[in-house]
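Source file: start-v7.cif. Holds: mmCIF, C-alpha atoms.
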data_query
loop_
_atom_site.label_atom_id
_atom_site.label_comp_id
_atom_site.auth_asym_id
_atom_site.auth_seq_id
_atom_site.Cartn_x
_atom_site.Cartn_y
_atom_site.Cartn_z
CA MET A 1 -18.51 0.37 -12.74
CA ALA A 2 -17.61 -3.09 -14.03
CA ASP A 3 -14.32 -1.72 -15.38
CA GLN A 4 -13.35 -0.14 -12.03
CA ALA A 5 -11.69 -1.62 -8.95
CA LEU A 6 -11.10 -0.47 -5.40
CA VAL A 7 -7.60 -1.36 -4.20
CA VAL A 8 -7.20 -1.35 -0.41
CA ILE A 9 -3.55 -1.02 0.56
CA ASP A 10 -2.13 -2.73 3.68
CA LEU A 11 -4.95 -2.09 6.15
CA GLN A 12 -3.21 -4.38 8.64
CA ASN A 13 -2.83 -4.43 12.41
CA ASP A 14 0.84 -3.46 12.44
CA PHE A 15 0.07 -0.23 10.57
CA CYS A 16 -2.74 0.75 12.95
CA PRO A 17 -2.41 2.26 16.45
CA GLY A 18 -0.81 -0.28 18.77
CA GLY A 19 1.01 -1.98 15.89
CA ALA A 20 4.73 -2.31 15.25
CA LEU A 21 4.77 0.42 12.57
CA ALA A 22 1.66 2.35 13.51
CA VAL A 23 0.40 5.10 11.22
CA THR A 24 -1.29 7.85 13.22
CA GLY A 25 -5.04 7.50 12.79
CA GLY A 26 -4.64 4.41 10.65
CA ASP A 27 -7.72 2.76 12.12
CA GLU A 28 -9.86 5.87 11.59
CA ILE A 29 -10.30 5.10 7.90
CA VAL A 30 -11.83 1.63 8.40
CA PRO A 31 -15.52 2.73 8.39
CA LEU A 32 -15.06 4.81 5.24
CA VAL A 33 -13.09 2.05 3.49
CA ASN A 34 -15.82 -0.45 4.41
CA ASP A 35 -18.44 1.86 2.89
CA MET A 36 -16.40 2.10 -0.29
CA ILE A 37 -16.03 -1.69 -0.37
CA ARG A 38 -19.81 -2.09 -0.13
CA HIS A 39 -20.29 0.15 -3.17
CA ALA A 40 -17.45 -1.30 -5.29
CA ASP A 41 -17.96 -3.92 -8.00
CA HIS A 42 -14.41 -5.22 -7.68
CA VAL A 43 -12.19 -5.15 -4.59
CA VAL A 44 -8.48 -6.01 -4.33
CA LEU A 45 -6.53 -6.03 -1.07
CA THR A 46 -2.79 -5.87 -0.59
CA GLN A 47 -1.05 -7.42 2.40
CA ASP A 48 2.48 -6.67 3.53
CA TRP A 49 3.91 -10.15 4.13
CA HIS A 50 7.51 -10.23 5.34
CA PRO A 51 9.57 -13.21 6.42
CA ALA A 52 11.34 -12.84 9.76
CA GLY A 53 14.73 -11.19 9.30
CA HIS A 54 13.66 -9.30 6.17
CA SER A 55 16.35 -7.06 4.68
CA SER A 56 14.18 -3.95 5.16
CA PHE A 57 14.14 -4.43 8.95
CA ALA A 58 16.58 -2.30 10.93
CA SER A 59 17.13 -5.33 13.17
CA SER A 60 18.73 -7.14 10.21
CA HIS A 61 21.52 -4.53 10.01
CA PRO A 62 23.74 -4.38 13.12
CA GLY A 63 23.87 -0.87 14.56
CA ALA A 64 21.18 0.50 12.24
CA GLN A 65 18.26 2.48 13.62
CA PRO A 66 14.66 2.27 12.41
CA PHE A 67 13.80 4.97 9.84
CA SER A 68 17.42 5.38 8.77
CA VAL A 69 18.25 4.93 5.08
CA ILE A 70 20.78 2.57 3.54
CA GLU A 71 21.83 1.71 0.01
CA MET A 72 20.60 -1.62 -1.34
CA PRO A 73 21.38 -3.14 -4.74
CA TYR A 74 18.07 -1.70 -6.01
CA GLY A 75 18.59 1.78 -4.52
CA GLN A 76 17.88 3.58 -1.26
CA GLN A 77 15.91 1.69 1.35
CA THR A 78 14.33 3.05 4.51
CA LEU A 79 14.85 0.62 7.39
CA TRP A 80 11.73 -0.18 9.38
CA PRO A 81 10.90 -1.77 12.71
CA ASP A 82 10.07 -5.46 12.33
CA HIS A 83 6.47 -5.56 11.06
CA CYS A 84 3.90 -7.66 9.23
CA ILE A 85 5.81 -10.89 9.75
CA GLN A 86 4.13 -13.74 7.90
CA GLY A 87 1.41 -15.37 9.98
CA SER A 88 1.68 -12.92 12.87
CA LEU A 89 -1.23 -11.05 14.42
CA GLY A 90 0.38 -7.85 13.13
CA SER A 91 0.16 -9.09 9.55
CA ASP A 92 -3.58 -9.75 9.80
CA PHE A 93 -6.05 -7.33 8.30
CA HIS A 94 -7.61 -4.92 10.81
CA SER A 95 -10.39 -6.81 12.57
CA GLY A 96 -12.95 -4.19 11.53
CA LEU A 97 -12.14 -4.39 7.82
CA ALA A 98 -14.90 -5.89 5.67
CA TRP A 99 -12.40 -7.91 3.70
CA THR A 100 -14.57 -10.85 2.64
CA LYS A 101 -15.72 -9.13 -0.58
CA ALA A 102 -12.15 -9.03 -1.91
CA GLU A 103 -11.67 -10.94 -5.16
CA LEU A 104 -7.87 -10.92 -4.89
CA VAL A 105 -5.28 -10.49 -2.14
CA ILE A 106 -1.83 -9.45 -3.34
CA ARG A 107 0.91 -10.29 -0.85
CA LYS A 108 4.07 -8.24 -1.15
CA GLY A 109 7.42 -7.96 0.58
CA PHE A 110 7.82 -11.73 0.83
CA ARG A 111 11.17 -11.83 -1.00
CA PRO A 112 13.79 -11.61 1.79
CA ALA A 113 16.27 -9.42 -0.10
CA ILE A 114 13.94 -6.73 -1.45
CA ASP A 115 11.15 -4.60 -0.04
CA SER A 116 7.89 -3.89 -1.85
CA TYR A 117 5.90 -0.70 -1.34
CA SER A 118 3.88 -0.79 -4.54
CA ALA A 119 0.98 -3.12 -5.26
CA PHE A 120 2.40 -3.48 -8.77
CA PHE A 121 6.19 -3.86 -8.45
CA GLU A 122 8.87 -4.68 -5.92
CA ASN A 123 11.17 -1.79 -4.97
CA ASP A 124 13.48 -2.59 -7.87
CA HIS A 125 10.62 -1.23 -10.05
CA ALA A 126 11.13 -4.25 -12.30
CA THR A 127 9.77 -7.36 -10.53
CA PRO A 128 5.98 -7.42 -10.98
CA THR A 129 3.47 -8.60 -8.39
CA GLY A 130 1.07 -9.67 -11.13
CA LEU A 131 -1.61 -7.12 -10.23
CA GLY A 132 -1.32 -5.22 -13.51
CA GLY A 133 -1.86 -8.35 -15.56
CA TYR A 134 -4.76 -9.45 -13.37
CA LEU A 135 -6.58 -6.14 -13.75
CA ARG A 136 -6.05 -6.03 -17.51
CA GLU A 137 -7.26 -9.61 -17.94
CA ARG A 138 -10.38 -8.75 -15.94
CA GLY A 139 -11.03 -5.74 -18.20
CA ILE A 140 -10.44 -3.23 -15.40
CA ASP A 141 -8.83 0.04 -16.49
CA THR A 142 -9.73 2.39 -13.63
CA ILE A 143 -8.70 2.03 -9.99
CA THR A 144 -9.23 3.89 -6.74
CA LEU A 145 -6.61 3.47 -4.03
CA VAL A 146 -7.18 3.73 -0.28
CA GLY A 147 -5.31 2.56 2.80
CA LEU A 148 -1.89 2.88 4.43
CA ALA A 149 0.31 4.71 4.12
CA THR A 150 -0.34 7.62 1.76
CA ASP A 151 3.33 8.53 1.30
CA PHE A 152 4.70 5.02 0.87
CA CYS A 153 2.64 2.00 -0.21
CA VAL A 154 -0.40 3.94 -1.44
CA GLY A 155 1.68 6.57 -3.21
CA PHE A 156 4.08 4.18 -4.95
CA SER A 157 1.12 2.00 -5.99
CA ALA A 158 -0.55 5.05 -7.55
CA LEU A 159 2.59 6.06 -9.44
CA ASP A 160 3.01 2.55 -10.82
CA ALA A 161 -0.68 2.30 -11.70
CA VAL A 162 -0.45 5.43 -13.85
CA SER A 163 2.75 4.20 -15.48
CA GLN A 164 0.91 0.95 -16.32
CA GLY A 165 -1.87 2.89 -18.04
CA PHE A 166 -4.60 2.74 -15.40
CA LYS A 167 -6.81 5.73 -14.66
CA THR A 168 -5.93 6.23 -11.02
CA THR A 169 -7.56 8.05 -8.11
CA VAL A 170 -6.34 8.23 -4.51
CA ARG A 171 -9.02 8.99 -1.93
CA LEU A 172 -6.98 10.95 0.59
CA ASP A 173 -9.77 10.91 3.18
CA ALA A 174 -9.53 7.10 3.14
CA CYS A 175 -5.75 7.11 3.62
CA ARG A 176 -3.33 8.12 6.36
CA GLY A 177 0.35 8.99 5.99
CA ILE A 178 3.57 8.40 7.92
CA ASP A 179 5.16 11.74 6.91
CA LEU A 180 8.81 10.84 7.43
CA ASN A 181 10.99 13.94 6.88
CA GLY A 182 8.45 15.61 4.62
CA SER A 183 7.60 12.44 2.70
CA LEU A 184 3.86 13.15 2.63
CA ASP A 185 4.01 16.50 0.81
CA ALA A 186 6.69 15.15 -1.50
CA MET A 187 4.56 12.14 -2.48
CA LEU A 188 1.42 14.24 -2.95
CA GLN A 189 3.36 16.40 -5.40
CA ARG A 190 4.79 13.35 -7.20
CA MET A 191 1.30 11.92 -7.60
CA ARG A 192 -0.10 15.19 -8.93
CA ASP A 193 2.77 15.50 -11.40
CA ALA A 194 2.22 11.93 -12.59
CA GLY A 195 -1.47 12.51 -13.31
CA VAL A 196 -3.00 10.76 -10.30
CA THR A 197 -6.39 12.22 -9.33
CA LEU A 198 -6.35 13.18 -5.64
CA GLU A 199 -9.76 13.35 -3.98
CA ASP A 200 -10.63 14.30 -0.42
CA GLN A 201 -14.37 14.28 0.09
CA LEU A 202 -14.01 15.50 3.66
CA SER A 203 -12.72 18.82 2.32
CA ASP A 204 -14.86 19.02 -0.82
#
Same coordinates, now as structure tokens:
Amino acid sequence: MADQALVVIDLQNDFCPGGALAVTGGDEIVPLVNDMIRHADHVVLTQDWHPAGHSSFASSHPGAQPFSVIEMPYGQQTLWPDHCIQGSLGSDFHSGLAWTKAELVIRKGFRPAIDSYSAFFENDHATPTGLGGYLRERGIDTITLVGLATDFCVGFSALDAVSQGFKTTVRLDACRGIDLNGSLDAMLQRMRDAGVTLEDQLSD
């Protein structure tokens, strides 16, 4: 187990019911994630961490509506409601999350001009967060991903993890998705095609 890590993606207030970008049932996974944390040798958390006025916010683009898509220099970008603003209550980890065991917290989305879904790269797929190097230096080659949301930050993290050579599992029962215009099924297929192991112990 020493070469394995649990990576908990964005289990923050704004992504849970009552938050600015709430994922349906987002808080339901907290007890299961906590149980997985207790049994993990290594735990990494990611934290969406946007400055006010971030370029991925619909409010930064006059006339734009949340969940619409625009072209950015790095490609298509979904515009979101303002969320996870640095230092806000919404950016805090869910109060029930047993986060103290985490050995590393990766903050992402802090560059004003580019969004970051993946725990490994910004949305230009070129600017690294440093997580890949950290895991390799620690001798970790196998990761399990849980958290929010399945079809965005969890999914893109899984795809990048595989591309970086990590053996990668997503525990679907410890994730919840947004499912924007079929995005959940599309991401599940992308992960399968990429070689990500998808596990759902609730349905096993």
Quiz prompt | Residues in the PyMOL selection byres ((chain A and resi 90) around 7), expressed as a list in words | solution = Gln12, Asn13, Asp14, Gly19, His83, Cys84, Ser88, Leu89, Ser91 and Asp92 of chain A
Keeping only C-alpha atoms, take the residues you just selected and write them out as a PDB file, keeping the file's coordinate frame.
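File produced: again.pdb:
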ATOM      1  CA  GLN A  12      -3.210  -4.380   8.640  1.00  0.00           C
ATOM      2  CA  ASN A  13      -2.830  -4.430  12.410  1.00  0.00           C
ATOM      3  CA  ASP A  14       0.840  -3.460  12.440  1.00  0.00           C
ATOM      4  CA  GLY A  19       1.010  -1.980  15.890  1.00  0.00           C
ATOM      5  CA  HIS A  83       6.470  -5.560  11.060  1.00  0.00           C
ATOM      6  CA  CYS A  84       3.900  -7.660   9.230  1.00  0.00           C
ATOM      7  CA  SER A  88       1.680 -12.920  12.870  1.00  0.00           C
ATOM      8  CA  LEU A  89      -1.230 -11.050  14.420  1.00  0.00           C
ATOM      9  CA  SER A  91       0.160  -9.090   9.550  1.00  0.00           C
ATOM     10  CA  ASP A  92      -3.580  -9.750   9.800  1.00  0.00           C
TER      11      ASP A  92
END
Self-check item: For Ser118 in chain A, the nearest of the candidates A:Leu184, A:Val146, A:Leu159, A:Ala174, counting all atoms listed in the file
Solution: A:Leu159
Exercise. Report as a PyMOL selection string the full result of the PyMOL selection byres ((chain A and resi 43) around 6) when it is applied to this structure.
Key: chain A and resi 5-7+42+44+102-103
Test item: residues at most 8 Å from Gly75 in chain A, only C-alpha atoms, excluding those fewer than 3 positions along its chain, as a compact mmCIF listing (two decimals) with C-alpha atoms, in the coordinates of the input:
# COMPACT_ATOMS: atom_id res chain seq x y z
CA GLU A 71 21.83 1.71 0.01
CA MET A 72 20.60 -1.62 -1.34
CA ASP A 124 13.48 -2.59 -7.87
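Relative to CA of Ala161 in chain A, CA of Thr24 in chain A is found at 25.5 Å.
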Quiz item: Nearest to Leu198 in chain A among A:His39, A:Arg171, A:Arg176, A:Arg138, with distances taken over only C-alpha atoms: which residue is it?
Solution: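 Among the listed residues, A:Arg171 lies closest to Leu198 in chain A.
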Practice problem: For CA of Phe152 in chain A and CA of Thr127 in chain A, determine how far apart the two atoms are, in Å to one decimal place. | Solution: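 For CA of Phe152 in chain A relative to CA of Thr127 in chain A, the distance reads 17.6 Å.
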Quiz item: Quick one: distance from CA of Thr46 in chain A to CA of Lys108 in chain A in Å, one decimal?
Solution: 7.3 Å
Within 8 Å of Asp10 in chain A using all atoms listed in the file, minus same-chain residues under 5 positions, as a tab-separated table (two decimals) with C-alpha atoms, keeping the file's coordinate frame:
chain	number	residue	atom	x	y	z
A	15	PHE	CA	0.07	-0.23	10.57
A	45	LEU	CA	-6.53	-6.03	-1.07
A	46	THR	CA	-2.79	-5.87	-0.59
A	47	GLN	CA	-1.05	-7.42	2.40
A	48	ASP	CA	2.48	-6.67	3.53
A	93	PHE	CA	-6.05	-7.33	8.30
A	147	GLY	CA	-5.31	2.56	2.80
A	148	LEU	CA	-1.89	2.88	4.43
A	149	ALA	CA	0.31	4.71	4.12
A	153	CYS	CA	2.64	2.00	-0.21
Quiz item: For Ile114 in chain A, which residue among A:Cys175, A:Leu135, A:Leu79, A:Ile143 is the nearest when counting all atoms listed in the file?
Solution: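 Smallest distance to Ile114 in chain A is found for A:Leu79.
Using only C-alpha atoms, the nearest neighbour of Met36 in chain A within the list A:Ala64, A:Ile70, A:Val8, A:Leu188 is A:Val8.
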Could you work out an axis-aligned box for range 45-51 of chain A, taking every atom the file lists and adding 5 Å on each side, and report centre and edge lengths in Å to one decimal, as lines of an AutoDock Vina configuration file?
center_x = 1.5
center_y = -9.5
center_z = 2.7
size_x = 26.1
size_y = 17.3
size_z = 17.5
Exercise. Convert the output of the PyMOL selection byres ((chain A and resi 69) around 12) on the shown file into explicit residues, formatted as a count of residues only.
Key: 20
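Between Ile9 in chain A and the candidates A:Ala52, A:Ala126, A:Leu97, A:Val154, the tightest atom-to-atom separation, counting only C-alpha atoms, involves A:Val154.
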Self-check item: Of the listed residues A:Asp35, A:Asp41, A:Asp27, A:Asp160, that which approaches Ile140 in chain A most closely, counting only C-alpha atoms
Solution: A:Asp41
Fill-in result for range 33-44 of chain A, all heavy atoms as a tab-separated table (two decimals), in the frame of the given file:
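Final output, rebuild-v4.tsv:
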chain	number	residue	atom	x	y	z
A	33	VAL	N	-13.54	3.08	4.44
A	33	VAL	CA	-13.09	2.05	3.49
A	33	VAL	C	-14.17	0.97	3.36
A	33	VAL	O	-14.48	0.51	2.25
A	33	VAL	CB	-11.75	1.45	3.94
A	33	VAL	CG1	-11.39	0.23	3.09
A	33	VAL	CG2	-10.64	2.50	3.84
A	34	ASN	N	-14.77	0.57	4.47
A	34	ASN	CA	-15.82	-0.45	4.41
A	34	ASN	C	-17.00	0.03	3.57
A	34	ASN	O	-17.59	-0.75	2.81
A	34	ASN	CB	-16.30	-0.80	5.82
A	34	ASN	CG	-15.32	-1.68	6.56
A	34	ASN	OD1	-14.41	-2.26	5.98
A	34	ASN	ND2	-15.51	-1.79	7.86
A	35	ASP	N	-17.36	1.31	3.70
A	35	ASP	CA	-18.44	1.86	2.89
A	35	ASP	C	-18.09	1.83	1.42
A	35	ASP	O	-18.93	1.50	0.56
A	35	ASP	CB	-18.75	3.29	3.34
A	35	ASP	CG	-20.00	3.85	2.67
A	35	ASP	OD1	-21.08	3.26	2.83
A	35	ASP	OD2	-19.87	4.87	1.96
A	36	MET	N	-16.84	2.14	1.10
A	36	MET	CA	-16.40	2.10	-0.29
A	36	MET	C	-16.39	0.66	-0.82
A	36	MET	O	-16.74	0.42	-1.98
A	36	MET	CB	-15.02	2.75	-0.42
A	36	MET	CG	-15.03	4.24	-0.08
A	36	MET	SD	-13.39	4.99	-0.14
A	36	MET	CE	-13.07	4.96	-1.92
A	37	ILE	N	-16.00	-0.28	0.02
A	37	ILE	CA	-16.03	-1.69	-0.37
A	37	ILE	C	-17.45	-2.11	-0.71
A	37	ILE	O	-17.70	-2.79	-1.72
A	37	ILE	CB	-15.45	-2.58	0.75
A	37	ILE	CG1	-13.93	-2.41	0.83
A	37	ILE	CG2	-15.80	-4.05	0.52
A	37	ILE	CD1	-13.27	-3.10	2.02
A	38	ARG	N	-18.41	-1.70	0.11
A	38	ARG	CA	-19.81	-2.09	-0.13
A	38	ARG	C	-20.31	-1.59	-1.48
A	38	ARG	O	-21.15	-2.23	-2.11
A	38	ARG	CB	-20.71	-1.54	0.99
A	38	ARG	CG	-20.70	-2.36	2.26
A	38	ARG	CD	-21.78	-1.91	3.23
A	38	ARG	NE	-21.51	-0.61	3.80
A	38	ARG	CZ	-20.80	-0.42	4.91
A	38	ARG	NH1	-20.25	-1.45	5.54
A	38	ARG	NH2	-20.60	0.80	5.39
A	39	HIS	N	-19.80	-0.45	-1.93
A	39	HIS	CA	-20.29	0.15	-3.17
A	39	HIS	C	-19.41	-0.19	-4.39
A	39	HIS	O	-19.70	0.28	-5.50
A	39	HIS	CB	-20.39	1.67	-3.01
A	39	HIS	CG	-21.48	2.09	-2.07
A	39	HIS	ND1	-21.26	2.29	-0.73
A	39	HIS	CD2	-22.80	2.32	-2.28
A	39	HIS	CE1	-22.41	2.63	-0.15
A	39	HIS	NE2	-23.35	2.67	-1.06
A	40	ALA	N	-18.38	-0.98	-4.19
A	40	ALA	CA	-17.45	-1.30	-5.29
A	40	ALA	C	-17.85	-2.62	-5.95
A	40	ALA	O	-18.26	-3.57	-5.28
A	40	ALA	CB	-16.03	-1.40	-4.76
A	41	ASP	N	-17.71	-2.67	-7.28
A	41	ASP	CA	-17.96	-3.92	-8.00
A	41	ASP	C	-16.81	-4.90	-7.84
A	41	ASP	O	-17.02	-6.11	-7.80
A	41	ASP	CB	-18.18	-3.63	-9.49
A	41	ASP	CG	-19.56	-3.05	-9.76
A	41	ASP	OD1	-20.45	-3.21	-8.91
A	41	ASP	OD2	-19.73	-2.42	-10.83
A	42	HIS	N	-15.59	-4.37	-7.79
A	42	HIS	CA	-14.41	-5.22	-7.68
A	42	HIS	C	-13.51	-4.67	-6.58
A	42	HIS	O	-13.24	-3.46	-6.53
A	42	HIS	CB	-13.64	-5.27	-8.99
A	42	HIS	CG	-14.47	-5.74	-10.16
A	42	HIS	ND1	-14.92	-7.03	-10.27
A	42	HIS	CD2	-14.95	-5.07	-11.24
A	42	HIS	CE1	-15.62	-7.15	-11.39
A	42	HIS	NE2	-15.66	-5.98	-11.99
A	43	VAL	N	-13.03	-5.55	-5.71
A	43	VAL	CA	-12.19	-5.15	-4.59
A	43	VAL	C	-10.93	-6.02	-4.58
A	43	VAL	O	-11.01	-7.26	-4.68
A	43	VAL	CB	-12.93	-5.30	-3.24
A	43	VAL	CG1	-12.01	-4.91	-2.08
A	43	VAL	CG2	-14.20	-4.46	-3.23
A	44	VAL	N	-9.79	-5.35	-4.48
A	44	VAL	CA	-8.48	-6.01	-4.33
A	44	VAL	C	-7.86	-5.51	-3.04
A	44	VAL	O	-7.92	-4.32	-2.73
A	44	VAL	CB	-7.56	-5.70	-5.53
A	44	VAL	CG1	-6.16	-6.27	-5.30
A	44	VAL	CG2	-8.16	-6.23	-6.83
